[in-house]
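What follows is data.pdb (PDB, C-alpha atoms).
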```
ATOM      1  CA  MET A   6     -22.178  -3.530  -5.493
ATOM      2  CA  PHE A   7     -19.592  -6.257  -4.887
ATOM      3  CA  ASN A   8     -19.685  -9.593  -6.671
ATOM      4  CA  GLU A   9     -18.882 -13.019  -5.292
ATOM      5  CA  ARG A  10     -15.453 -14.437  -6.055
ATOM      6  CA  THR A  11     -16.118 -17.504  -8.188
ATOM      7  CA  SER A  12     -12.891 -18.236 -10.075
ATOM      8  CA  ILE A  13      -9.319 -17.027 -10.459
ATOM      9  CA  LYS A  14     -10.053 -16.074 -14.067
ATOM     10  CA  GLN A  15     -13.041 -13.961 -12.994
ATOM     11  CA  VAL A  16     -11.025 -12.225 -10.263
ATOM     12  CA  GLU A  17      -7.824 -11.625 -12.259
ATOM     13  CA  GLU A  18      -9.046 -11.124 -15.824
ATOM     14  CA  GLY A  19     -12.680 -10.126 -15.470
ATOM     15  CA  SER A  20     -14.570  -6.861 -15.365
ATOM     16  CA  GLU A  21     -16.547  -7.578 -12.163
ATOM     17  CA  LEU A  22     -15.601  -5.862  -8.927
ATOM     18  CA  SER A  23     -15.068  -8.738  -6.466
ATOM     19  CA  PRO A  24     -12.917  -7.370  -3.665
ATOM     20  CA  LYS A  25     -11.430  -9.618  -1.001
ATOM     21  CA  PHE A  26     -11.693  -8.245   2.513
ATOM     22  CA  ASN A  27      -9.364  -9.842   5.073
ATOM     23  CA  LYS A  28     -10.558 -11.858   8.046
ATOM     24  CA  ASP A  29     -11.158  -8.627   9.979
ATOM     25  CA  GLY A  30     -13.252  -7.226   7.114
ATOM     26  CA  TYR A  31     -10.677  -4.754   5.776
ATOM     27  CA  ILE A  32      -8.957  -4.172   2.440
ATOM     28  CA  PRO A  33      -5.689  -2.196   2.317
ATOM     29  CA  VAL A  34      -5.669   1.081   0.378
ATOM     30  CA  VAL A  35      -2.715   2.846  -1.214
ATOM     31  CA  THR A  36      -3.335   6.558  -1.746
ATOM     32  CA  THR A  37      -1.206   8.648  -4.088
ATOM     33  CA  ASP A  38      -1.296  12.288  -5.172
ATOM     34  CA  VAL A  39      -2.702  12.348  -8.714
ATOM     35  CA  LYS A  40      -0.435  15.249  -9.741
ATOM     36  CA  THR A  41       2.923  14.322  -8.218
ATOM     37  CA  GLY A  42       2.447  10.542  -8.034
ATOM     38  CA  ASN A  43       3.762  10.741  -4.469
ATOM     39  CA  LEU A  44       2.618   8.075  -2.022
ATOM     40  CA  LEU A  45       0.531   9.921   0.572
ATOM     41  CA  MET A  46      -0.725   7.206   2.892
ATOM     42  CA  HIS A  47      -1.602   3.563   3.404
ATOM     43  CA  ALA A  48      -4.839   2.773   5.201
ATOM     44  CA  TYR A  49      -7.770   0.359   5.230
ATOM     45  CA  MET A  50     -11.396   0.341   4.123
ATOM     46  CA  ASN A  51     -14.227  -1.929   5.166
ATOM     47  CA  ALA A  52     -17.027  -2.670   2.692
ATOM     48  CA  GLU A  53     -19.010   0.398   3.764
ATOM     49  CA  ALA A  54     -16.045   2.777   3.409
ATOM     50  CA  PHE A  55     -15.260   1.305  -0.015
ATOM     51  CA  LYS A  56     -18.850   1.882  -1.182
ATOM     52  CA  LEU A  57     -18.867   5.451   0.154
ATOM     53  CA  THR A  58     -15.574   6.194  -1.611
ATOM     54  CA  ILE A  59     -16.915   4.927  -4.947
ATOM     55  CA  LEU A  60     -20.288   6.671  -4.645
ATOM     56  CA  LYS A  61     -19.222  10.000  -3.129
ATOM     57  CA  GLY A  62     -15.872  10.485  -4.875
ATOM     58  CA  GLU A  63     -14.088  11.364  -1.630
ATOM     59  CA  ALA A  64     -11.788   9.021   0.280
ATOM     60  CA  HIS A  65     -13.433   7.162   3.139
ATOM     61  CA  TYR A  66     -11.374   4.764   5.216
ATOM     62  CA  TYR A  67     -12.004   2.564   8.230
ATOM     63  CA  SER A  68     -10.102   3.718  11.291
ATOM     64  CA  ARG A  69      -8.824   0.650  13.079
ATOM     65  CA  SER A  70      -7.827   2.682  16.146
ATOM     66  CA  ARG A  71     -11.140   4.553  16.423
ATOM     67  CA  LYS A  72     -13.193   1.638  15.053
ATOM     68  CA  CYS A  73     -15.372   3.740  12.766
ATOM     69  CA  ILE A  74     -15.766   4.988   9.197
ATOM     70  CA  TRP A  75     -13.300   7.791   8.656
ATOM     71  CA  HIS A  76     -14.152  10.436   6.068
ATOM     72  CA  LYS A  77     -10.662  11.785   5.538
ATOM     73  CA  GLY A  78     -10.571  15.525   6.168
ATOM     74  CA  ASP A  79     -13.625  15.736   8.432
ATOM     75  CA  THR A  80     -11.484  17.155  11.240
ATOM     76  CA  SER A  81      -8.540  18.638   9.374
ATOM     77  CA  GLY A  82     -10.367  19.893   6.279
ATOM     78  CA  PHE A  83      -7.848  18.014   4.125
ATOM     79  CA  VAL A  84     -10.472  16.122   2.125
ATOM     80  CA  GLN A  85      -9.154  13.777  -0.574
ATOM     81  CA  LYS A  86     -11.076  14.125  -3.855
ATOM     82  CA  VAL A  87     -10.832  10.851  -5.733
ATOM     83  CA  ASN A  88      -9.624  11.123  -9.340
ATOM     84  CA  GLN A  89      -9.212   7.427 -10.062
ATOM     85  CA  ILE A  90      -9.716   4.102  -8.268
ATOM     86  CA  LEU A  91      -7.819   1.000  -9.323
ATOM     87  CA  ILE A  92      -7.761  -2.537  -7.963
ATOM     88  CA  ASP A  93      -5.035  -5.146  -8.132
ATOM     89  CA  ASP A  94      -4.854  -8.548  -9.808
ATOM     90  CA  ASP A  95      -6.358 -10.624  -6.976
ATOM     91  CA  GLN A  96      -8.590  -7.723  -5.882
ATOM     92  CA  ASP A  97      -7.285  -7.542  -2.319
ATOM     93  CA  CYS A  98      -5.841  -4.012  -2.518
ATOM     94  CA  VAL A  99      -7.189  -0.655  -3.732
ATOM     95  CA  TRP A 100      -5.239   2.248  -5.231
ATOM     96  CA  LEU A 101      -6.741   5.733  -4.901
ATOM     97  CA  LYS A 102      -5.340   8.628  -6.915
ATOM     98  CA  VAL A 103      -6.495  11.787  -5.170
ATOM     99  CA  THR A 104      -6.313  15.559  -5.025
ATOM    100  CA  VAL A 105      -5.811  16.781  -1.465
ATOM    101  CA  ALA A 106      -7.390  20.018  -0.285
ATOM    102  CA  GLY A 107      -4.677  21.807   1.698
ATOM    103  CA  GLY A 108      -1.969  19.527   0.445
ATOM    104  CA  ALA A 109      -1.420  17.421   3.572
ATOM    105  CA  SER A 110      -2.437  13.825   4.313
ATOM    106  CA  CYS A 111      -0.424  12.955   7.416
ATOM    107  CA  HIS A 112      -1.709  13.467  10.974
ATOM    108  CA  VAL A 113       1.823  14.374  12.096
ATOM    109  CA  GLY A 114       1.657  17.447   9.848
ATOM    110  CA  TYR A 115       3.608  16.385   6.782
ATOM    111  CA  LYS A 116       2.349  16.197   3.180
ATOM    112  CA  SER A 117       2.910  12.454   3.029
ATOM    113  CA  CYS A 118       2.965   9.895   5.838
ATOM    114  CA  PHE A 119       6.186   8.624   4.256
ATOM    115  CA  TYR A 120       8.493  11.467   5.308
ATOM    116  CA  ARG A 121      11.439   9.348   6.429
ATOM    117  CA  GLU A 122      13.870   7.275   4.439
ATOM    118  CA  ILE A 123      15.647   4.200   5.818
ATOM    119  CA  LYS A 124      19.412   4.618   5.375
ATOM    120  CA  THR A 125      22.123   2.113   6.183
ATOM    121  CA  ASP A 126      25.892   1.956   5.867
ATOM    122  CA  GLY A 127      25.775  -1.823   6.253
ATOM    123  CA  ASP A 128      26.244  -1.711  10.039
ATOM    124  CA  ASN A 129      23.949   1.023  11.286
ATOM    125  CA  ILE A 130      20.447   1.965  10.264
ATOM    126  CA  LYS A 131      18.774   5.298  10.736
ATOM    127  CA  LEU A 132      15.791   7.226   9.495
ATOM    128  CA  VAL A 133      16.480  10.436   7.571
ATOM    129  CA  PHE A 134      13.723  13.007   7.060
ATOM    130  CA  THR A 135      12.797  13.640   3.412
ATOM    131  CA  GLU A 136      10.324  16.416   4.283
ATOM    132  CA  GLN A 137      11.839  19.240   6.300
ATOM    133  CA  GLU A 138       8.781  21.364   7.081
ATOM    134  CA  LYS A 139       5.385  20.448   8.420
ATOM    135  CA  VAL A 140       2.450  21.769   6.381
ATOM    136  CA  PHE A 141       0.331  22.286   9.496
ATOM    137  CA  ASP A 142       0.567  22.167  13.282
ATOM    138  CA  PRO A 143      -1.250  19.001  14.433
ATOM    139  CA  ASP A 144      -1.909  20.474  17.902
ATOM    140  CA  GLU A 145      -3.841  23.331  16.321
ATOM    141  CA  VAL A 146      -5.751  21.104  13.915
ATOM    142  CA  TYR A 147      -6.545  18.102  16.105
ATOM    143  CA  GLY A 148      -6.489  19.665  19.574
ATOM    144  CA  ASP A 149      -6.928  17.038  22.269
ATOM    145  CA  ALA A 150      -8.089  14.248  19.927
ATOM    146  CA  PRO A 151      -6.232  11.021  20.715
ATOM    147  CA  ASN A 152      -3.240  10.254  18.503
ATOM    148  CA  PRO A 153      -4.105   7.326  16.159
ATOM    149  CA  THR A 154      -0.615   5.822  16.389
ATOM    150  CA  ILE A 155      -0.590   2.570  18.370
ATOM    151  CA  LEU A 156       2.658   1.396  19.946
TER     152      LEU A 156
ATOM    153  CA  MET B  20      18.357  -4.044  13.446
ATOM    154  CA  PHE B  21      14.888  -3.070  14.703
ATOM    155  CA  ASN B  22      14.338  -1.000  17.841
ATOM    156  CA  GLU B  23      11.623  -1.367  20.444
ATOM    157  CA  ARG B  24       8.684   1.004  20.204
ATOM    158  CA  THR B  25       8.828   3.072  23.374
ATOM    159  CA  SER B  26       6.822   6.254  22.679
ATOM    160  CA  ILE B  27       4.722   7.940  20.014
ATOM    161  CA  LYS B  28       7.330  10.682  19.725
ATOM    162  CA  GLN B  29      10.094   8.142  19.112
ATOM    163  CA  VAL B  30       8.024   6.290  16.505
ATOM    164  CA  GLU B  31       6.676   9.348  14.654
ATOM    165  CA  GLU B  32       9.433  11.919  14.970
ATOM    166  CA  GLY B  33      12.570   9.917  15.719
ATOM    167  CA  SER B  34      15.395   8.496  13.638
ATOM    168  CA  GLU B  35      15.206   4.932  14.975
ATOM    169  CA  LEU B  36      13.733   2.194  12.820
ATOM    170  CA  SER B  37      10.983   0.655  14.981
ATOM    171  CA  PRO B  38       8.615  -1.145  12.626
ATOM    172  CA  LYS B  39       5.294  -2.530  13.777
ATOM    173  CA  PHE B  40       4.496  -5.983  12.460
ATOM    174  CA  ASN B  41       0.850  -7.023  12.661
ATOM    175  CA  LYS B  42      -0.426  -9.882  14.815
ATOM    176  CA  ASP B  43       0.559 -12.347  12.083
ATOM    177  CA  GLY B  44       4.080 -10.894  11.962
ATOM    178  CA  TYR B  45       3.725  -8.990   8.675
ATOM    179  CA  ILE B  46       4.134  -5.375   7.592
ATOM    180  CA  PRO B  47       2.469  -4.154   4.361
ATOM    181  CA  VAL B  48       4.731  -2.937   1.566
ATOM    182  CA  VAL B  49       3.891  -0.510  -1.237
ATOM    183  CA  THR B  50       6.210  -0.871  -4.232
ATOM    184  CA  THR B  51       6.495   1.803  -6.916
ATOM    185  CA  ASP B  52       8.612   2.165 -10.037
ATOM    186  CA  VAL B  53      11.343   4.699  -9.246
ATOM    187  CA  LYS B  54      11.262   6.160 -12.764
ATOM    188  CA  THR B  55       7.554   6.380 -13.557
ATOM    189  CA  GLY B  56       6.211   6.589  -9.996
ATOM    190  CA  ASN B  57       3.664   3.945 -10.979
ATOM    191  CA  LEU B  58       2.323   1.677  -8.253
ATOM    192  CA  LEU B  59       3.564  -1.801  -9.115
ATOM    193  CA  MET B  60       2.347  -3.975  -6.269
ATOM    194  CA  HIS B  61       1.245  -4.255  -2.659
ATOM    195  CA  ALA B  62       2.650  -7.123  -0.611
ATOM    196  CA  TYR B  63       3.887  -8.030   2.851
ATOM    197  CA  MET B  64       7.224  -8.597   4.554
ATOM    198  CA  ASN B  65       7.993 -10.385   7.773
ATOM    199  CA  ALA B  66      10.992  -9.266   9.863
ATOM    200  CA  GLU B  67      13.384 -11.536   7.966
ATOM    201  CA  ALA B  68      12.227 -10.324   4.534
ATOM    202  CA  PHE B  69      12.534  -6.704   5.717
ATOM    203  CA  LYS B  70      16.120  -7.291   6.889
ATOM    204  CA  LEU B  71      17.046  -9.037   3.628
ATOM    205  CA  THR B  72      15.584  -6.164   1.587
ATOM    206  CA  ILE B  73      17.598  -3.581   3.535
ATOM    207  CA  LEU B  74      20.846  -5.553   3.499
ATOM    208  CA  LYS B  75      20.761  -6.950  -0.049
ATOM    209  CA  GLY B  76      19.129  -4.043  -1.880
ATOM    210  CA  GLU B  77      16.652  -6.309  -3.661
ATOM    211  CA  ALA B  78      12.979  -6.668  -2.728
ATOM    212  CA  HIS B  79      12.195  -9.633  -0.516
ATOM    213  CA  TYR B  80       8.604 -10.236   0.560
ATOM    214  CA  TYR B  81       6.802 -12.857   2.596
ATOM    215  CA  SER B  82       4.432 -14.950   0.519
ATOM    216  CA  ARG B  83       1.302 -15.538   2.562
ATOM    217  CA  SER B  84       0.013 -18.156   0.102
ATOM    218  CA  ARG B  85       3.298 -20.093  -0.101
ATOM    219  CA  LYS B  86       4.271 -19.301   3.516
ATOM    220  CA  CYS B  87       7.910 -18.526   2.775
ATOM    221  CA  ILE B  88      10.352 -15.696   2.060
ATOM    222  CA  TRP B  89       9.858 -14.605  -1.517
ATOM    223  CA  HIS B  90      12.840 -13.052  -3.307
ATOM    224  CA  LYS B  91      10.910 -11.290  -6.057
ATOM    225  CA  GLY B  92      12.162 -12.384  -9.460
ATOM    226  CA  ASP B  93      13.628 -15.740  -8.420
ATOM    227  CA  THR B  94      11.306 -17.552 -10.835
ATOM    228  CA  SER B  95      10.467 -14.849 -13.370
ATOM    229  CA  GLY B  96      13.833 -13.064 -13.459
ATOM    230  CA  PHE B  97      12.009  -9.777 -12.776
ATOM    231  CA  VAL B  98      14.168  -8.834  -9.771
ATOM    232  CA  GLN B  99      13.339  -5.506  -8.100
ATOM    233  CA  LYS B 100      16.463  -3.458  -7.346
ATOM    234  CA  VAL B 101      15.722  -1.178  -4.414
ATOM    235  CA  ASN B 102      16.513   2.510  -4.981
ATOM    236  CA  GLN B 103      14.939   3.895  -1.824
ATOM    237  CA  ILE B 104      13.101   2.586   1.241
ATOM    238  CA  LEU B 105      10.744   4.810   3.221
ATOM    239  CA  ILE B 106       8.577   4.164   6.262
ATOM    240  CA  ASP B 107       5.393   5.872   7.367
ATOM    241  CA  ASP B 108       4.541   7.962  10.418
ATOM    242  CA  ASP B 109       3.574   5.122  12.769
ATOM    243  CA  GLN B 110       6.054   2.744  11.123
ATOM    244  CA  ASP B 111       3.529   0.097  10.150
ATOM    245  CA  CYS B 112       3.998   0.363   6.371
ATOM    246  CA  VAL B 113       7.031   0.351   4.057
ATOM    247  CA  TRP B 114       7.425   2.065   0.689
ATOM    248  CA  LEU B 115       9.944   0.608  -1.760
ATOM    249  CA  LYS B 116      10.996   2.551  -4.830
ATOM    250  CA  VAL B 117      12.477   0.016  -7.237
ATOM    251  CA  THR B 118      13.875  -0.619 -10.684
ATOM    252  CA  VAL B 119      12.412  -3.767 -12.226
ATOM    253  CA  ALA B 120      14.510  -5.983 -14.480
ATOM    254  CA  GLY B 121      12.281  -6.866 -17.437
ATOM    255  CA  GLY B 122       9.720  -4.256 -16.548
ATOM    256  CA  ALA B 123       6.967  -6.472 -15.103
ATOM    257  CA  SER B 124       5.894  -7.014 -11.511
ATOM    258  CA  CYS B 125       2.553  -8.783 -11.826
ATOM    259  CA  HIS B 126       2.168 -12.572 -11.940
ATOM    260  CA  VAL B 127      -0.725 -12.205 -14.402
ATOM    261  CA  GLY B 128       1.724 -10.748 -16.927
ATOM    262  CA  TYR B 129       1.117  -7.018 -16.664
ATOM    263  CA  LYS B 130       3.644  -4.311 -15.710
ATOM    264  CA  SER B 131       1.685  -3.358 -12.610
ATOM    265  CA  CYS B 132      -0.706  -5.439 -10.534
ATOM    266  CA  PHE B 133      -3.084  -2.460 -10.760
ATOM    267  CA  TYR B 134      -4.139  -2.857 -14.396
ATOM    268  CA  ARG B 135      -7.881  -2.260 -13.886
ATOM    269  CA  GLU B 136      -9.774   0.871 -13.007
ATOM    270  CA  ILE B 137     -13.103   0.891 -11.157
ATOM    271  CA  LYS B 138     -15.674   2.815 -13.193
ATOM    272  CA  THR B 139     -19.228   3.653 -12.229
ATOM    273  CA  ASP B 140     -22.122   5.562 -13.753
ATOM    274  CA  GLY B 141     -23.813   5.716 -10.353
ATOM    275  CA  ASP B 142     -25.807   2.537 -10.886
ATOM    276  CA  ASN B 143     -23.425   0.022 -12.387
ATOM    277  CA  ILE B 144     -19.810  -0.681 -11.595
ATOM    278  CA  LYS B 145     -17.288  -2.353 -13.839
ATOM    279  CA  LEU B 146     -13.574  -2.803 -14.147
ATOM    280  CA  VAL B 147     -11.872  -1.294 -17.181
ATOM    281  CA  PHE B 148      -8.384  -2.408 -18.211
ATOM    282  CA  THR B 149      -5.731   0.346 -18.143
ATOM    283  CA  GLU B 150      -3.011  -1.917 -19.558
ATOM    284  CA  GLN B 151      -3.879  -3.505 -22.892
ATOM    285  CA  GLU B 152      -0.940  -5.833 -23.437
ATOM    286  CA  LYS B 153       0.749  -8.341 -21.161
ATOM    287  CA  VAL B 154       4.528  -7.980 -20.901
ATOM    288  CA  PHE B 155       5.022 -11.726 -20.611
ATOM    289  CA  ASP B 156       3.085 -14.990 -20.834
ATOM    290  CA  PRO B 157       2.631 -16.308 -17.288
ATOM    291  CA  ASP B 158       2.229 -19.912 -18.521
ATOM    292  CA  GLU B 159       5.670 -19.769 -20.113
ATOM    293  CA  VAL B 160       7.298 -18.092 -17.095
ATOM    294  CA  TYR B 161       5.643 -19.930 -14.208
ATOM    295  CA  GLY B 162       4.697 -23.238 -15.857
ATOM    296  CA  ASP B 163       2.734 -25.434 -13.474
ATOM    297  CA  ALA B 164       3.483 -23.416 -10.323
ATOM    298  CA  PRO B 165       0.290 -22.818  -8.316
ATOM    299  CA  ASN B 166      -1.391 -19.432  -8.846
ATOM    300  CA  PRO B 167      -0.908 -17.267  -5.706
ATOM    301  CA  THR B 168      -4.401 -15.737  -5.938
ATOM    302  CA  ILE B 169      -6.705 -16.998  -3.180
ATOM    303  CA  LEU B 170     -10.470 -16.828  -3.698
TER     304      LEU B 170
END
```
Translate the structure described by the file into structure tokens.
Amino acid sequence: MFNERTSIKQVEEGSELSPKFNKDGYIPVVTTDVKTGNLLMHAYMNAEAFKLTILKGEAHYYSRSRKCIWHKGDTSGFVQKVNQILIDDDQDCVWLKVTVAGGASCHVGYKSCFYREIKTDGDNIKLVFTEQEKVFDPDEVYGDAPNPTIL
Amino acid sequence: MFNERTSIKQVEEGSELSPKFNKDGYIPVVTTDVKTGNLLMHAYMNAEAFKLTILKGEAHYYSRSRKCIWHKGDTSGFVQKVNQILIDDDQDCVWLKVTVAGGASCHVGYKSCFYREIKTDGDNIKLVFTEQEKVFDPDEVYGDAPNPTIL
């Protein structure tokens, strides 16, 4: 499914899919809501997750904390149906445009993982919430599953 | 400017900026056009580039190929004015909403780095261009500078 990377021209200007996985075997993925354009999440895929996403039309990632393929929505029900997949110039990043069942993509309970804005007055910096209400209660949805956030 | 990461609650639900840089010292950055919502590029910042972006209001990245701080637009003139900076739940990814002088963000000459869509009929996969025209000629803008794409 993936082609070898043979030249800059092939990678940047060609029509062959030749993704570059990093030294750990991952490629970063940017996922946006196809209707609103909102950035929902940033995650990673390994080659297997990338293939599954293309073939099944639902977002599959690689969970670096759980070290396994992660079919988004398996636990929460918030499956991401893939509307469009794009790749960048040097083919080391993937952009998924998706439709989210249930409308939430963040394990904390918000629609988007990016629910805080960085504000500064020049001296001080603080985070200000841009989403006020959680869409779901993560305790109810995930129960005792370990939190994926790593300190 | 950056706080220590002391608990999941602080990182996910707090108002302190406590970014997580990866083992190489980078944090991934998703950059979108503030007007169109279009994904322009995916890059990385180190701590210094992140501070410069916050303080100066223009996108600064870390170039992994050139191994230096990269004030976007220094060569091309296509500076990215930062309208909003957001951070994700576990604070290991940054979202910049920007206004681009000149309207292009891709070194190949396109508006967005994501100018190709992945299409499949189930058996074959190919990339289809979503942008038809380059905004600028990279040879004229960059001259003999080495291409940042790594095979």
Test item: residues at most 8 Å from stretch 64-78 of chain A, only C-alpha atoms, excluding those fewer than 2 positions along its chain, as a ChimeraX atom specification: /A:31,48-51,53-55,57-58,62,80-87,101,153-155
Might you spell out which residues the PyMOL selection byres ((chain A) within 8 of (chain B)) would select in the displayed file, as a PDB file with C-alpha atoms, keeping the file's coordinate frame?
```pdb
ATOM      1  CA  MET A   6     -22.178  -3.530  -5.493  1.00  0.00           C
ATOM      2  CA  ARG A  10     -15.453 -14.437  -6.055  1.00  0.00           C
ATOM      3  CA  THR A  11     -16.118 -17.504  -8.188  1.00  0.00           C
ATOM      4  CA  SER A  12     -12.891 -18.236 -10.075  1.00  0.00           C
ATOM      5  CA  ILE A  13      -9.319 -17.027 -10.459  1.00  0.00           C
ATOM      6  CA  GLU A  17      -7.824 -11.625 -12.259  1.00  0.00           C
ATOM      7  CA  GLY A  19     -12.680 -10.126 -15.470  1.00  0.00           C
ATOM      8  CA  SER A  20     -14.570  -6.861 -15.365  1.00  0.00           C
ATOM      9  CA  GLU A  21     -16.547  -7.578 -12.163  1.00  0.00           C
ATOM     10  CA  LEU A  22     -15.601  -5.862  -8.927  1.00  0.00           C
ATOM     11  CA  LYS A  25     -11.430  -9.618  -1.001  1.00  0.00           C
ATOM     12  CA  VAL A  35      -2.715   2.846  -1.214  1.00  0.00           C
ATOM     13  CA  GLY A  42       2.447  10.542  -8.034  1.00  0.00           C
ATOM     14  CA  ASN A  43       3.762  10.741  -4.469  1.00  0.00           C
ATOM     15  CA  MET A  46      -0.725   7.206   2.892  1.00  0.00           C
ATOM     16  CA  HIS A  47      -1.602   3.563   3.404  1.00  0.00           C
ATOM     17  CA  ILE A  59     -16.915   4.927  -4.947  1.00  0.00           C
ATOM     18  CA  LEU A  60     -20.288   6.671  -4.645  1.00  0.00           C
ATOM     19  CA  GLN A  89      -9.212   7.427 -10.062  1.00  0.00           C
ATOM     20  CA  ILE A  90      -9.716   4.102  -8.268  1.00  0.00           C
ATOM     21  CA  LEU A  91      -7.819   1.000  -9.323  1.00  0.00           C
ATOM     22  CA  ILE A  92      -7.761  -2.537  -7.963  1.00  0.00           C
ATOM     23  CA  ASP A  93      -5.035  -5.146  -8.132  1.00  0.00           C
ATOM     24  CA  ASP A  94      -4.854  -8.548  -9.808  1.00  0.00           C
ATOM     25  CA  ASP A  95      -6.358 -10.624  -6.976  1.00  0.00           C
ATOM     26  CA  CYS A  98      -5.841  -4.012  -2.518  1.00  0.00           C
ATOM     27  CA  TRP A 100      -5.239   2.248  -5.231  1.00  0.00           C
ATOM     28  CA  CYS A 111      -0.424  12.955   7.416  1.00  0.00           C
ATOM     29  CA  VAL A 113       1.823  14.374  12.096  1.00  0.00           C
ATOM     30  CA  CYS A 118       2.965   9.895   5.838  1.00  0.00           C
ATOM     31  CA  PHE A 119       6.186   8.624   4.256  1.00  0.00           C
ATOM     32  CA  TYR A 120       8.493  11.467   5.308  1.00  0.00           C
ATOM     33  CA  ARG A 121      11.439   9.348   6.429  1.00  0.00           C
ATOM     34  CA  GLU A 122      13.870   7.275   4.439  1.00  0.00           C
ATOM     35  CA  ILE A 123      15.647   4.200   5.818  1.00  0.00           C
ATOM     36  CA  LYS A 124      19.412   4.618   5.375  1.00  0.00           C
ATOM     37  CA  THR A 125      22.123   2.113   6.183  1.00  0.00           C
ATOM     38  CA  GLY A 127      25.775  -1.823   6.253  1.00  0.00           C
ATOM     39  CA  ASN A 129      23.949   1.023  11.286  1.00  0.00           C
ATOM     40  CA  ILE A 130      20.447   1.965  10.264  1.00  0.00           C
ATOM     41  CA  LYS A 131      18.774   5.298  10.736  1.00  0.00           C
ATOM     42  CA  LEU A 132      15.791   7.226   9.495  1.00  0.00           C
ATOM     43  CA  VAL A 133      16.480  10.436   7.571  1.00  0.00           C
ATOM     44  CA  THR A 154      -0.615   5.822  16.389  1.00  0.00           C
ATOM     45  CA  ILE A 155      -0.590   2.570  18.370  1.00  0.00           C
ATOM     46  CA  LEU A 156       2.658   1.396  19.946  1.00  0.00           C
TER      47      LEU A 156
END
```
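Taking atom CA of B:Ala123 as the reference point, atom CA of B:Asp158 is found at 14.7 Å.
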Separation of atom CA of A:Lys102 from atom CA of A:Asp38, in Å and rounded to one decimal: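 Distance reported for this atom pair: 5.7 Å.
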Residues within 8 Å of A:Gly108, only C-alpha atoms, excluding chain neighbours under 3 positions, as number ranges by chain: A: 83, 105, 116, 140
Using all atoms listed in the file: which of B:Pro157, B:Ala164, B:Glu150, B:Val117 has the shortest distance to B:Val53: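 Looking only at the distances to B:Val53, the closest residue turns out to be B:Val117.
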Selected residue of minimal separation from B:Phe40 among B:Ser124, B:Ala66, B:Asn22, B:Glu152, counting only C-alpha atoms: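 Looking only at the distances to B:Phe40, the closest residue turns out to be B:Ala66.
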Between atom CA of B:Asp43 and atom CA of A:Lys56, distance in Å (one decimal): 27.5 Å
The centre and edge lengths of an axis-aligned box containing all atoms of stretch 83-96 of chain A present in the file, extended by 6 Å on each side, are to be given in Å to one decimal, as lines of an AutoDock Vina configuration file.
```
center_x = -8.0
center_y = 3.7
center_z = -3.0
size_x = 18.2
size_y = 40.6
size_z = 26.2
```
Missing atoms in stretch 24-35 of chain A: fill them in up to N, CA and C atoms and send the result as a PDB file, keeping the file's coordinate frame.
```pdb
ATOM      1  N   PRO A  24     -14.030  -7.591  -4.598  1.00  0.00           N
ATOM      2  CA  PRO A  24     -12.917  -7.370  -3.665  1.00  0.00           C
ATOM      3  C   PRO A  24     -12.856  -8.431  -2.572  1.00  0.00           C
ATOM      4  N   LYS A  25     -11.642  -8.681  -2.112  1.00  0.00           N
ATOM      5  CA  LYS A  25     -11.430  -9.618  -1.001  1.00  0.00           C
ATOM      6  C   LYS A  25     -11.100  -8.809   0.250  1.00  0.00           C
ATOM      7  N   PHE A  26     -11.961  -8.874   1.221  1.00  0.00           N
ATOM      8  CA  PHE A  26     -11.693  -8.245   2.513  1.00  0.00           C
ATOM      9  C   PHE A  26     -11.007  -9.299   3.402  1.00  0.00           C
ATOM     10  N   ASN A  27     -10.077  -8.861   4.244  1.00  0.00           N
ATOM     11  CA  ASN A  27      -9.364  -9.842   5.073  1.00  0.00           C
ATOM     12  C   ASN A  27     -10.262 -10.356   6.201  1.00  0.00           C
ATOM     13  N   LYS A  28      -9.711 -11.189   7.039  1.00  0.00           N
ATOM     14  CA  LYS A  28     -10.558 -11.858   8.046  1.00  0.00           C
ATOM     15  C   LYS A  28     -11.158 -10.864   9.038  1.00  0.00           C
ATOM     16  N   ASP A  29     -10.574  -9.660   9.114  1.00  0.00           N
ATOM     17  CA  ASP A  29     -11.158  -8.627   9.979  1.00  0.00           C
ATOM     18  C   ASP A  29     -12.165  -7.747   9.220  1.00  0.00           C
ATOM     19  N   GLY A  30     -12.292  -7.990   7.910  1.00  0.00           N
ATOM     20  CA  GLY A  30     -13.252  -7.226   7.114  1.00  0.00           C
ATOM     21  C   GLY A  30     -12.659  -6.000   6.445  1.00  0.00           C
ATOM     22  N   TYR A  31     -11.323  -5.929   6.358  1.00  0.00           N
ATOM     23  CA  TYR A  31     -10.677  -4.754   5.776  1.00  0.00           C
ATOM     24  C   TYR A  31      -9.962  -5.097   4.468  1.00  0.00           C
ATOM     25  N   ILE A  32      -9.790  -4.059   3.637  1.00  0.00           N
ATOM     26  CA  ILE A  32      -8.957  -4.172   2.440  1.00  0.00           C
ATOM     27  C   ILE A  32      -7.953  -3.020   2.499  1.00  0.00           C
ATOM     28  N   PRO A  33      -6.663  -3.286   2.269  1.00  0.00           N
ATOM     29  CA  PRO A  33      -5.689  -2.196   2.317  1.00  0.00           C
ATOM     30  C   PRO A  33      -5.842  -1.232   1.136  1.00  0.00           C
ATOM     31  N   VAL A  34      -5.524   0.023   1.378  1.00  0.00           N
ATOM     32  CA  VAL A  34      -5.669   1.081   0.378  1.00  0.00           C
ATOM     33  C   VAL A  34      -4.356   1.859   0.279  1.00  0.00           C
ATOM     34  N   VAL A  35      -3.903   2.041  -0.940  1.00  0.00           N
ATOM     35  CA  VAL A  35      -2.715   2.846  -1.214  1.00  0.00           C
ATOM     36  C   VAL A  35      -3.201   4.149  -1.844  1.00  0.00           C
TER      37      VAL A  35
END
```
